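S.K.: Contents of run-v1.csv (CSV, C-alpha atoms and all ligand atoms):
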```csv
chain,number,residue,atom,x,y,z
A,17,MET,CA,73.5,-14.6,45.6
A,18,LYS,CA,72.7,-16.9,48.6
A,19,ARG,CA,69.2,-18.2,48.0
A,20,PHE,CA,69.6,-21.6,49.8
A,21,ILE,CA,71.1,-20.8,53.2
A,22,ASP,CA,70.6,-23.9,55.4
A,23,LYS,CA,68.2,-25.4,52.9
A,24,VAL,CA,68.6,-29.2,52.7
A,25,VAL,CA,69.1,-30.3,49.1
A,26,ILE,CA,69.5,-33.8,47.7
A,27,VAL,CA,71.4,-34.0,44.3
A,28,THR,CA,71.6,-37.4,42.6
A,29,GLY,CA,74.2,-38.0,40.0
A,30,ALA,CA,76.4,-35.5,41.9
A,31,ALA,CA,79.7,-37.1,40.9
A,32,SER,CA,79.8,-35.9,37.3
A,33,GLY,CA,78.4,-33.5,34.7
A,34,ILE,CA,75.2,-31.7,35.4
A,35,GLY,CA,74.6,-33.1,38.9
A,36,ARG,CA,78.1,-32.2,39.9
A,37,ALA,CA,77.7,-28.6,38.8
A,38,THR,CA,74.3,-28.4,40.5
A,39,ALA,CA,75.7,-29.7,43.8
A,40,ILE,CA,78.6,-27.2,43.7
A,41,LYS,CA,76.3,-24.3,43.0
A,42,PHE,CA,73.9,-25.3,45.8
A,43,ALA,CA,76.8,-25.5,48.2
A,44,GLN,CA,78.0,-22.1,47.0
A,45,GLU,CA,74.6,-20.6,47.8
A,46,GLY,CA,74.6,-21.9,51.3
A,47,ALA,CA,72.7,-25.2,51.1
A,48,LYS,CA,73.4,-28.3,53.1
A,49,VAL,CA,73.8,-30.7,50.2
A,50,VAL,CA,73.4,-34.4,50.2
A,51,LEU,CA,75.4,-35.6,47.2
A,52,ALA,CA,74.4,-39.1,46.0
A,53,ASP,CA,75.9,-41.2,43.2
A,54,LEU,CA,76.8,-44.7,42.2
A,55,SER,CA,80.3,-43.5,41.5
A,56,ASN,CA,82.9,-42.2,43.9
A,57,LEU,CA,82.3,-38.6,45.0
A,58,ASP,CA,85.8,-37.7,46.2
A,59,SER,CA,86.6,-35.5,43.2
A,60,VAL,CA,83.6,-33.3,43.7
A,61,LYS,CA,84.3,-33.1,47.4
A,62,SER,CA,87.6,-31.3,46.7
A,63,GLU,CA,85.7,-28.6,44.7
A,64,ILE,CA,82.8,-28.0,47.0
A,65,PRO,CA,82.9,-25.1,49.5
A,66,ASN,CA,82.9,-26.3,53.2
A,67,PRO,CA,83.3,-30.0,52.0
A,68,ASN,CA,82.7,-31.4,55.5
A,69,SER,CA,79.3,-29.7,56.0
A,70,HIS,CA,77.8,-31.9,53.3
A,71,ILE,CA,77.0,-35.6,53.1
A,72,TYR,CA,78.2,-38.0,50.4
A,73,ILE,CA,76.2,-41.2,49.9
A,74,LYS,CA,76.8,-44.1,47.6
A,75,CYS,CA,73.4,-44.8,46.0
A,76,ASN,CA,72.1,-46.7,43.0
A,77,ILE,CA,68.8,-45.0,42.2
A,78,GLY,CA,67.7,-48.2,40.4
A,79,GLU,CA,67.7,-50.0,43.8
A,80,ARG,CA,64.7,-49.2,45.9
A,81,ALA,CA,66.6,-50.0,49.2
A,82,ASP,CA,69.4,-47.5,48.2
A,83,VAL,CA,66.9,-44.7,47.6
A,84,VAL,CA,65.1,-45.4,50.9
A,85,ASN,CA,68.5,-45.3,52.6
A,86,LEU,CA,69.3,-42.0,51.0
A,87,ILE,CA,66.1,-40.4,52.2
A,88,GLU,CA,66.5,-41.9,55.7
A,89,ILE,CA,70.1,-40.7,56.2
A,90,THR,CA,69.1,-37.2,54.9
A,91,VAL,CA,66.2,-36.9,57.3
A,92,LYS,CA,68.2,-38.4,60.2
A,93,THR,CA,71.0,-35.9,59.7
A,94,TYR,CA,69.1,-32.8,58.7
A,95,GLY,CA,65.5,-33.4,59.7
A,96,ARG,CA,64.0,-32.5,56.3
A,97,ILE,CA,64.4,-32.3,52.5
A,98,ASP,CA,63.7,-28.8,51.1
A,99,CYS,CA,64.7,-29.5,47.5
A,100,ALA,CA,65.8,-32.5,45.4
A,101,VAL,CA,67.4,-32.4,42.0
A,102,ASN,CA,67.2,-35.9,40.4
A,103,CYS,CA,70.0,-35.9,37.9
A,104,ALA,CA,71.3,-39.4,37.9
A,105,GLY,CA,70.8,-41.1,34.6
A,106,ILE,CA,72.4,-43.2,31.9
A,107,ALA,CA,72.6,-43.2,28.2
A,108,GLY,CA,72.3,-46.3,26.0
A,109,LYS,CA,75.4,-48.2,24.9
A,110,VAL,CA,74.5,-48.5,21.3
A,111,SER,CA,72.5,-46.8,18.5
A,112,LYS,CA,69.9,-49.3,17.1
A,113,PRO,CA,66.4,-49.3,15.7
A,114,VAL,CA,63.7,-50.6,18.0
A,115,HIS,CA,63.6,-54.1,16.6
A,116,GLU,CA,67.4,-54.6,16.9
A,117,TYR,CA,67.9,-52.8,20.2
A,118,PRO,CA,69.5,-55.2,22.8
A,119,GLU,CA,66.9,-56.1,25.4
A,120,GLU,CA,69.2,-55.9,28.4
A,121,ASP,CA,70.3,-52.4,27.6
A,122,TRP,CA,66.6,-51.3,26.9
A,123,LEU,CA,65.5,-52.6,30.3
A,124,ASN,CA,68.4,-51.1,32.2
A,125,GLN,CA,67.7,-47.6,30.8
A,126,ILE,CA,64.1,-47.9,32.0
A,127,GLN,CA,65.2,-49.3,35.3
A,128,ILE,CA,67.7,-46.4,36.0
A,129,ASN,CA,66.2,-43.4,34.2
A,130,LEU,CA,62.5,-44.0,34.8
A,131,ILE,CA,62.1,-46.4,37.7
A,132,GLY,CA,65.1,-45.0,39.6
A,133,THR,CA,63.8,-41.5,39.2
A,134,TRP,CA,60.3,-42.6,40.3
A,135,TYR,CA,61.8,-44.2,43.5
A,136,CYS,CA,63.5,-40.8,44.2
A,137,VAL,CA,60.4,-38.7,43.6
A,138,LYS,CA,58.1,-41.2,45.5
A,139,PHE,CA,60.2,-41.2,48.7
A,140,GLN,CA,61.1,-37.5,48.5
A,141,LEU,CA,57.4,-36.7,48.2
A,142,GLU,CA,56.6,-38.9,51.2
A,143,GLN,CA,59.0,-36.8,53.3
A,144,MET,CA,57.8,-33.5,51.8
A,145,MET,CA,54.2,-34.4,52.7
A,146,LYS,CA,55.2,-35.0,56.3
A,147,GLN,CA,57.0,-31.6,56.6
A,148,GLY,CA,54.4,-29.6,54.6
A,149,GLY,CA,56.3,-28.7,51.4
A,150,GLY,CA,59.2,-29.0,49.1
A,151,ASN,CA,60.5,-28.7,45.7
A,152,ILE,CA,61.6,-31.4,43.2
A,153,VAL,CA,63.4,-31.0,39.8
A,154,CYS,CA,64.1,-34.0,37.6
A,155,VAL,CA,66.7,-33.7,34.9
A,156,SER,CA,64.9,-35.3,32.0
A,157,SER,CA,66.0,-34.6,28.4
A,158,ALA,CA,65.0,-33.1,25.0
A,159,ALA,CA,64.5,-36.9,24.3
A,160,GLY,CA,61.6,-36.6,26.7
A,161,LEU,CA,59.9,-34.1,24.5
A,162,VAL,CA,60.4,-35.6,21.0
A,163,GLY,CA,61.4,-39.0,19.7
A,164,GLN,CA,65.0,-39.8,19.1
A,165,PRO,CA,65.8,-42.4,16.3
A,166,GLU,CA,68.1,-45.3,17.4
A,167,ASN,CA,67.8,-44.2,21.0
A,168,SER,CA,64.3,-45.5,21.9
A,169,PRO,CA,64.8,-46.7,25.5
A,170,TYR,CA,66.4,-43.4,26.5
A,171,ALA,CA,63.6,-41.4,24.8
A,172,ALA,CA,60.9,-43.7,26.3
A,173,SER,CA,62.5,-43.4,29.8
A,174,LYS,CA,62.7,-39.6,29.6
A,175,HIS,CA,59.1,-39.3,28.2
A,176,GLY,CA,58.2,-41.4,31.2
A,177,VAL,CA,60.0,-39.0,33.5
A,178,ASN,CA,58.1,-36.1,32.0
A,179,GLY,CA,54.8,-37.9,32.5
A,180,LEU,CA,55.7,-38.6,36.2
A,181,VAL,CA,56.7,-35.0,36.7
A,182,LYS,CA,53.4,-33.6,35.2
A,183,SER,CA,51.2,-36.0,37.1
A,184,ALA,CA,53.0,-35.4,40.4
A,185,ALA,CA,52.9,-31.6,39.9
A,186,ILE,CA,49.1,-31.8,39.6
A,187,GLU,CA,48.7,-34.2,42.6
A,188,TYR,CA,50.7,-32.0,44.9
A,189,ALA,CA,50.0,-28.5,43.5
A,190,THR,CA,47.9,-27.5,46.6
A,191,LYS,CA,50.3,-29.2,49.0
A,192,ASN,CA,53.1,-26.6,48.8
A,193,ILE,CA,55.2,-29.0,46.7
A,194,ARG,CA,56.4,-28.1,43.2
A,195,VAL,CA,57.7,-30.7,40.7
A,196,ASN,CA,59.3,-29.7,37.4
A,197,ALA,CA,61.6,-31.2,34.8
A,198,ILE,CA,64.5,-29.8,32.8
A,199,CYS,CA,64.9,-31.1,29.2
A,200,PRO,CA,68.4,-30.3,27.9
A,201,THR,CA,69.7,-30.9,24.4
A,202,ALA,CA,73.4,-31.5,24.0
A,203,VAL,CA,75.4,-30.6,27.2
A,204,GLU,CA,79.1,-31.1,27.3
A,205,THR,CA,79.5,-33.8,29.9
A,206,PRO,CA,81.3,-37.2,30.1
A,207,MET,CA,77.9,-38.9,29.2
A,208,ILE,CA,77.7,-37.2,25.7
A,209,MET,CA,81.5,-37.0,25.1
A,210,HIS,CA,82.3,-40.6,25.9
A,211,GLY,CA,78.9,-42.3,25.9
A,212,ARG,CA,76.8,-43.8,23.1
A,213,ARG,CA,77.9,-41.5,20.3
A,214,LYS,CA,81.5,-41.0,21.7
A,215,LEU,CA,81.6,-37.4,20.5
A,216,ALA,CA,85.1,-36.9,21.8
A,217,GLU,CA,86.4,-39.4,19.2
A,218,ASN,CA,84.1,-38.5,16.3
A,219,PRO,CA,84.5,-35.0,14.9
A,220,GLU,CA,81.6,-35.4,12.5
A,221,ALA,CA,79.1,-36.5,15.2
A,222,LEU,CA,80.5,-33.7,17.4
A,223,GLN,CA,79.7,-31.1,14.8
A,224,GLN,CA,76.2,-32.5,14.3
A,225,ALA,CA,75.6,-32.3,18.0
A,226,ILE,CA,76.8,-28.7,18.1
A,227,ASN,CA,74.8,-27.7,15.1
A,228,PHE,CA,71.6,-29.0,16.6
A,229,GLN,CA,71.4,-26.0,18.8
A,230,ARG,CA,70.6,-22.7,17.1
A,231,MET,CA,73.5,-21.1,19.1
A,232,LYS,CA,75.8,-23.5,17.4
A,233,ARG,CA,77.4,-24.8,20.6
A,234,MET,CA,76.7,-27.3,23.2
A,235,GLY,CA,75.4,-26.3,26.6
A,236,GLN,CA,77.7,-26.4,29.7
A,237,PRO,CA,76.7,-28.3,32.8
A,238,GLU,CA,76.7,-25.0,34.8
A,239,GLU,CA,74.0,-23.6,32.4
A,240,VAL,CA,71.7,-26.5,33.3
A,241,ALA,CA,72.6,-26.3,37.0
A,242,ASP,CA,71.5,-22.6,37.0
A,243,VAL,CA,68.1,-23.6,35.7
A,244,ALA,CA,67.8,-26.3,38.4
A,245,LEU,CA,68.6,-23.8,41.1
A,246,TRP,CA,66.1,-21.3,39.7
A,247,LEU,CA,63.4,-23.9,39.6
A,248,CYS,CA,64.2,-24.8,43.3
A,249,SER,CA,64.1,-21.1,44.3
A,250,GLU,CA,61.3,-18.7,45.3
A,251,GLN,CA,61.9,-16.9,42.0
A,252,SER,CA,59.9,-19.6,40.2
A,253,SER,CA,57.2,-19.9,42.8
A,254,PHE,CA,54.3,-20.0,40.3
A,255,ILE,CA,55.9,-22.8,38.1
A,256,THR,CA,55.0,-26.4,38.5
A,257,GLY,CA,54.6,-29.3,36.1
A,258,HIS,CA,56.8,-27.7,33.5
A,259,CYS,CA,59.2,-29.7,31.3
A,260,MET,CA,61.5,-26.9,30.4
A,261,ALA,CA,63.7,-27.2,27.3
A,262,VAL,CA,67.2,-25.9,27.9
A,263,ASP,CA,68.3,-26.1,24.3
A,264,GLY,CA,70.2,-23.1,22.9
A,265,GLY,CA,67.2,-22.4,20.7
A,266,ALA,CA,67.0,-25.9,19.1
A,267,PHE,CA,63.2,-26.1,19.5
A,268,ALA,CA,62.5,-22.5,18.7
A,301,LIG,N1,74.8,-34.4,28.7
A,301,LIG,C1,73.7,-34.3,27.9
A,301,LIG,O1,73.8,-33.9,26.7
A,301,LIG,C2,72.3,-34.5,28.5
A,301,LIG,C3,71.2,-34.1,27.7
A,301,LIG,C4,70.0,-34.3,28.2
A,301,LIG,C5,69.8,-34.9,29.4
A,301,LIG,N2,70.8,-35.3,30.1
A,301,LIG,C6,70.6,-35.9,31.4
A,301,LIG,O2,71.2,-35.2,32.4
A,301,LIG,C7,71.5,-36.1,33.5
A,301,LIG,C8,73.0,-36.0,33.9
A,301,LIG,O3,73.7,-36.4,32.8
A,301,LIG,P1,75.2,-35.9,32.5
A,301,LIG,O4,75.3,-35.5,31.1
A,301,LIG,O5,75.7,-35.0,33.6
A,301,LIG,O6,76.0,-37.3,32.6
A,301,LIG,P2,77.2,-37.8,33.5
A,301,LIG,O7,77.4,-39.2,33.0
A,301,LIG,O8,78.3,-36.9,33.4
A,301,LIG,O9,76.7,-37.9,35.0
A,301,LIG,C9,75.7,-38.8,35.4
A,301,LIG,C10,76.0,-39.2,36.8
A,301,LIG,O10,74.9,-40.1,37.2
A,301,LIG,C11,75.5,-41.2,37.9
A,301,LIG,N3,74.7,-42.4,37.8
A,301,LIG,C12,74.5,-43.1,36.7
A,301,LIG,N4,73.7,-44.1,37.0
A,301,LIG,C13,73.4,-44.0,38.4
A,301,LIG,C14,72.6,-44.8,39.3
A,301,LIG,N5,72.0,-45.9,38.9
A,301,LIG,N6,72.5,-44.3,40.5
A,301,LIG,C15,73.1,-43.2,40.9
A,301,LIG,N7,73.9,-42.5,40.1
A,301,LIG,C16,74.0,-42.9,38.9
A,301,LIG,C17,76.9,-41.4,37.2
A,301,LIG,O11,77.8,-42.1,38.1
A,301,LIG,C18,77.3,-40.0,37.0
A,301,LIG,O12,78.0,-39.4,38.0
A,301,LIG,C19,71.1,-37.5,33.1
A,301,LIG,O13,69.8,-37.9,33.6
A,301,LIG,C20,71.0,-37.4,31.6
A,301,LIG,O14,70.1,-38.3,31.0
A,301,LIG,C21,72.1,-35.1,29.7
```
Please re-express this file's structure in structure tokens.
Ligand SMILES: NC(=O)c1ccc[n+]([C@@H]2O[C@H](COP(=O)([O-])OP(=O)(O)OC[C@H]3O[C@@H](n4cnc5c(N)ncnc54)[C@H](O)[C@@H]3O)[C@@H](O)[C@H]2O)c1
M.R.:
Amino acid sequence: MKRFIDKVVIVTGAASGIGRATAIKFAQEGAKVVLADLSNLDSVKSEIPNPNSHIYIKCNIGERADVVNLIEITVKTYGRIDCAVNCAGIAGKVSKPVHEYPEEDWLNQIQINLIGTWYCVKFQLEQMMKQGGGNIVCVSSAAGLVGQPENSPYAASKHGVNGLVKSAAIEYATKNIRVNAICPTAVETPMIMHGRRKLAENPEALQQAINFQRMKRMGQPEEVADVALWLCSEQSSFITGHCMAVDGGAFA
């Protein structure tokens, strides 16, 4: 299937996990991909088809100037932005109840996951309005749908992303711009394996994470990427403002 031939697609968080799988799949389907990440993108470059026909940009989405630069380079190079998948995000460093949660970590998660995603959406929409249409997908979380004990800043940031997505979807519904969110439960990526709960080192926590899905397994980054591509495609043309659980039946 080649649904995105010559479409210009921004993917943030493209160096790892879900963003990386998404960028690779877009490239495989013919898109001109703008891969953005705070981390080095060399390793994804070696896996992407026609690596030199895509752009690789170092960008901290929590910095307004970096996001403006990302949009400017994309438009200067390709003239437009057809789709954007905003995948960059961070998990907390610790598990703590609200009254004990370290303030710096709390604020940082809001800065990256919510404010950073807002910068991306804001400036993507500005360009999409100029060109008369576009398609935005934000990778939120199941923690944007329900509370998550000992993980309040992450849950608050992802609930915020869902609020942003639904509001923007309504505002731009008649402007040929769709805005949706994906809300995964556990997906096997470096974030979940080596992040807050360090599942790679903790067999009990790993089993818990696996059991949360009715399918009794974690999702794979490619399974989330497939949903992102579908939401960016014409096959989902009547869907906007949706915060879609991708959860192996967890919320059934
Ligand atoms: N893995 C899961 O179980 C899971 C579940 C629900 C939601 N999510 C969400 O999916 C998204 C992708 O997560 P993942 O699991 O692939 O994690 P990951 O850690 O493998 O990848 C995240 C990528 O985002 C980049 N990044 C982090 N902060 C950034 C910043 N400020 N600016 C630019 N890039 C930045 C990282 O360098 C990394 O390459 C995140 O938004 C995460 O919250 C993940």
S.K.: Considering only C-alpha atoms and all ligand atoms, can you say which of A:Val137, A:Ile34, A:Ala171, A:Ala39 comes closest to ligand LIG 301 (chain A)?
M.R.: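 Looking at the shortest contact to ligand LIG 301 (chain A), the residue is A:Ile34.
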S.K.: Quick one, how far is CA of Ala268 (chain A) from CA of Leu180 (chain A)?
M.R.: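 Computing it gives 24.7 Å between the two atoms.
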S.K.: Need the neighbours of (80.2, -46.9, 41.6): which residues are at most 9 Å away, counting all atoms listed in the file, as a list of chain:residue names?
M.R.: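 All residues meeting the 9 Å criterion around (80.2, -46.9, 41.6) are A:Asp53, A:Leu54, A:Ser55, A:Asn56, A:Lys74, A:Cys75, A:Asn76.
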S.K.: Would you mind listing what lies within 10 Å of Asp121 (chain A) as a compact mmCIF listing (two decimals) with C-alpha atoms, in the coordinates of the input, with all atoms listed in the file counted and same-chain residues fewer than 5 positions away left out?
M.R.:
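Listing of out-v1.txt after writing:
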```txt
# COMPACT_ATOMS: atom_id res chain seq x y z
CA ALA A 107 72.60 -43.20 28.20
CA GLY A 108 72.30 -46.30 26.00
CA LYS A 109 75.40 -48.20 24.90
CA VAL A 110 74.50 -48.50 21.30
CA ILE A 126 64.10 -47.90 32.00
CA GLN A 127 65.20 -49.30 35.30
CA PRO A 169 64.80 -46.70 25.50
CA TYR A 170 66.40 -43.40 26.50
```
S.K.: Ligand LIG 301 (chain A): which residues are within 6 Å, counting all atoms listed in the file, as a PyMOL selection string?
M.R.: chain A and resi 29-35+53-55+75-78+103-106+128+155-157+200-208
S.K.: For the atom pair CA of Gly46 (chain A) and CA of Lys146 (chain A), what is the interatomic distance in Å to one decimal place?
M.R.: 23.9 Å
S.K.: Would you kindly identify which residues have an atom no farther than 12 Å from (71.9, -22.5, 37.5), using only C-alpha atoms and the file's own coordinates, and write them out as a PyMOL selection string?
M.R.: chain A and resi 17+19+34-42+44-45+101+198+236-249+262
S.K.: Restricted to N, CA, C and O atoms, what does region 143-170 of chain A look like when written out as an mmCIF file, in the first residue's frame?
M.R.:
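Wrote it out as result34.cif, contents follow:
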```cif
data_model
loop_
_atom_site.group_PDB
_atom_site.id
_atom_site.type_symbol
_atom_site.label_atom_id
_atom_site.label_comp_id
_atom_site.auth_asym_id
_atom_site.auth_seq_id
_atom_site.Cartn_x
_atom_site.Cartn_y
_atom_site.Cartn_z
ATOM 1 N N GLN A 143 0.130 26.676 9.575
ATOM 2 C CA GLN A 143 0.520 26.358 8.192
ATOM 3 C C GLN A 143 -0.628 25.676 7.445
ATOM 4 O O GLN A 143 -0.900 25.983 6.284
ATOM 5 N N MET A 144 -1.326 24.777 8.118
ATOM 6 C CA MET A 144 -2.422 24.046 7.446
ATOM 7 C C MET A 144 -3.552 24.993 7.052
ATOM 8 O O MET A 144 -4.210 24.802 6.028
ATOM 9 N N MET A 145 -3.784 26.021 7.861
ATOM 10 C CA MET A 145 -4.788 27.034 7.505
ATOM 11 C C MET A 145 -4.371 27.776 6.232
ATOM 12 O O MET A 145 -5.187 28.033 5.356
ATOM 13 N N LYS A 146 -3.076 28.099 6.135
ATOM 14 C CA LYS A 146 -2.578 28.817 4.949
ATOM 15 C C LYS A 146 -2.773 27.991 3.687
ATOM 16 O O LYS A 146 -3.080 28.503 2.632
ATOM 17 N N GLN A 147 -2.566 26.690 3.796
ATOM 18 C CA GLN A 147 -2.590 25.826 2.600
ATOM 19 C C GLN A 147 -3.955 25.180 2.370
ATOM 20 O O GLN A 147 -4.165 24.495 1.382
ATOM 21 N N GLY A 148 -4.886 25.375 3.314
ATOM 22 C CA GLY A 148 -6.265 24.910 3.097
ATOM 23 C C GLY A 148 -6.559 23.483 3.522
ATOM 24 O O GLY A 148 -7.531 22.883 3.050
ATOM 25 N N GLY A 149 -5.754 22.924 4.415
ATOM 26 C CA GLY A 149 -6.102 21.592 4.920
ATOM 27 C C GLY A 149 -4.920 20.869 5.518
ATOM 28 O O GLY A 149 -3.780 21.322 5.411
ATOM 29 N N GLY A 150 -5.199 19.749 6.167
ATOM 30 C CA GLY A 150 -4.145 18.938 6.769
ATOM 31 C C GLY A 150 -4.716 17.953 7.767
ATOM 32 O O GLY A 150 -5.938 17.872 7.953
ATOM 33 N N ASN A 151 -3.817 17.244 8.384
ATOM 34 C CA ASN A 151 -4.232 16.147 9.243
ATOM 35 C C ASN A 151 -3.241 15.990 10.391
ATOM 36 O O ASN A 151 -2.048 15.834 10.159
ATOM 37 N N ILE A 152 -3.737 16.057 11.627
ATOM 38 C CA ILE A 152 -2.843 15.989 12.800
ATOM 39 C C ILE A 152 -3.251 14.820 13.700
ATOM 40 O O ILE A 152 -4.439 14.625 13.969
ATOM 41 N N VAL A 153 -2.253 14.072 14.142
ATOM 42 C CA VAL A 153 -2.479 13.005 15.125
ATOM 43 C C VAL A 153 -1.520 13.232 16.289
ATOM 44 O O VAL A 153 -0.316 13.404 16.074
ATOM 45 N N CYS A 154 -2.041 13.257 17.498
ATOM 46 C CA CYS A 154 -1.189 13.365 18.687
ATOM 47 C C CYS A 154 -1.159 12.012 19.385
ATOM 48 O O CYS A 154 -2.225 11.421 19.631
ATOM 49 N N VAL A 155 0.032 11.549 19.716
ATOM 50 C CA VAL A 155 0.119 10.304 20.472
ATOM 51 C C VAL A 155 -0.003 10.667 21.950
ATOM 52 O O VAL A 155 0.912 11.207 22.560
ATOM 53 N N SER A 156 -1.193 10.430 22.482
ATOM 54 C CA SER A 156 -1.497 10.711 23.874
ATOM 55 C C SER A 156 -1.224 9.437 24.667
ATOM 56 O O SER A 156 -0.160 8.822 24.527
ATOM 57 N N SER A 157 -2.191 8.960 25.439
ATOM 58 C CA SER A 157 -1.983 7.761 26.251
ATOM 59 C C SER A 157 -3.320 7.321 26.843
ATOM 60 O O SER A 157 -4.246 8.138 26.981
ATOM 61 N N ALA A 158 -3.375 6.059 27.257
ATOM 62 C CA ALA A 158 -4.521 5.611 28.054
ATOM 63 C C ALA A 158 -4.611 6.451 29.324
ATOM 64 O O ALA A 158 -5.692 6.650 29.876
ATOM 65 N N ALA A 159 -3.448 6.986 29.765
ATOM 66 C CA ALA A 159 -3.431 7.874 30.931
ATOM 67 C C ALA A 159 -4.036 9.240 30.612
ATOM 68 O O ALA A 159 -4.093 10.105 31.477
ATOM 69 N N GLY A 160 -4.476 9.437 29.370
ATOM 70 C CA GLY A 160 -5.250 10.626 29.007
ATOM 71 C C GLY A 160 -6.740 10.352 29.090
ATOM 72 O O GLY A 160 -7.552 11.260 28.934
ATOM 73 N N LEU A 161 -7.075 9.087 29.324
ATOM 74 C CA LEU A 161 -8.498 8.689 29.375
ATOM 75 C C LEU A 161 -8.951 8.394 30.803
ATOM 76 O O LEU A 161 -10.104 8.617 31.150
ATOM 77 N N VAL A 162 -8.052 7.833 31.599
ATOM 78 C CA VAL A 162 -8.369 7.498 32.995
ATOM 79 C C VAL A 162 -7.186 7.914 33.870
ATOM 80 O O VAL A 162 -6.066 8.074 33.386
ATOM 81 N N GLY A 163 -7.441 8.088 35.147
ATOM 82 C CA GLY A 163 -6.367 8.466 36.073
ATOM 83 C C GLY A 163 -5.351 7.348 36.228
ATOM 84 O O GLY A 163 -5.654 6.171 35.984
ATOM 85 N N GLN A 164 -4.137 7.724 36.635
ATOM 86 C CA GLN A 164 -3.096 6.716 36.842
ATOM 87 C C GLN A 164 -2.400 7.005 38.169
ATOM 88 O O GLN A 164 -1.657 7.995 38.274
ATOM 89 N N PRO A 165 -2.647 6.179 39.197
ATOM 90 C CA PRO A 165 -2.058 6.457 40.505
ATOM 91 C C PRO A 165 -0.534 6.500 40.447
ATOM 92 O O PRO A 165 0.081 5.728 39.717
ATOM 93 N N GLU A 166 0.030 7.425 41.192
ATOM 94 C CA GLU A 166 1.477 7.628 41.312
ATOM 95 C C GLU A 166 2.114 8.105 40.005
ATOM 96 O O GLU A 166 3.313 8.015 39.818
ATOM 97 N N ASN A 167 1.272 8.583 39.100
ATOM 98 C CA ASN A 167 1.779 9.054 37.801
ATOM 99 C C ASN A 167 0.987 10.293 37.382
ATOM 100 O O ASN A 167 0.677 10.466 36.200
ATOM 101 N N SER A 168 0.689 11.164 38.374
ATOM 102 C CA SER A 168 -0.253 12.257 38.113
ATOM 103 C C SER A 168 0.198 13.261 37.049
ATOM 104 O O SER A 168 -0.630 13.685 36.236
ATOM 105 N N PRO A 169 1.486 13.653 36.986
ATOM 106 C CA PRO A 169 1.830 14.656 35.966
ATOM 107 C C PRO A 169 1.682 14.102 34.554
ATOM 108 O O PRO A 169 1.253 14.814 33.642
ATOM 109 N N TYR A 170 2.024 12.841 34.400
ATOM 110 C CA TYR A 170 1.896 12.208 33.077
ATOM 111 C C TYR A 170 0.415 12.152 32.690
ATOM 112 O O TYR A 170 0.039 12.559 31.584
#
```
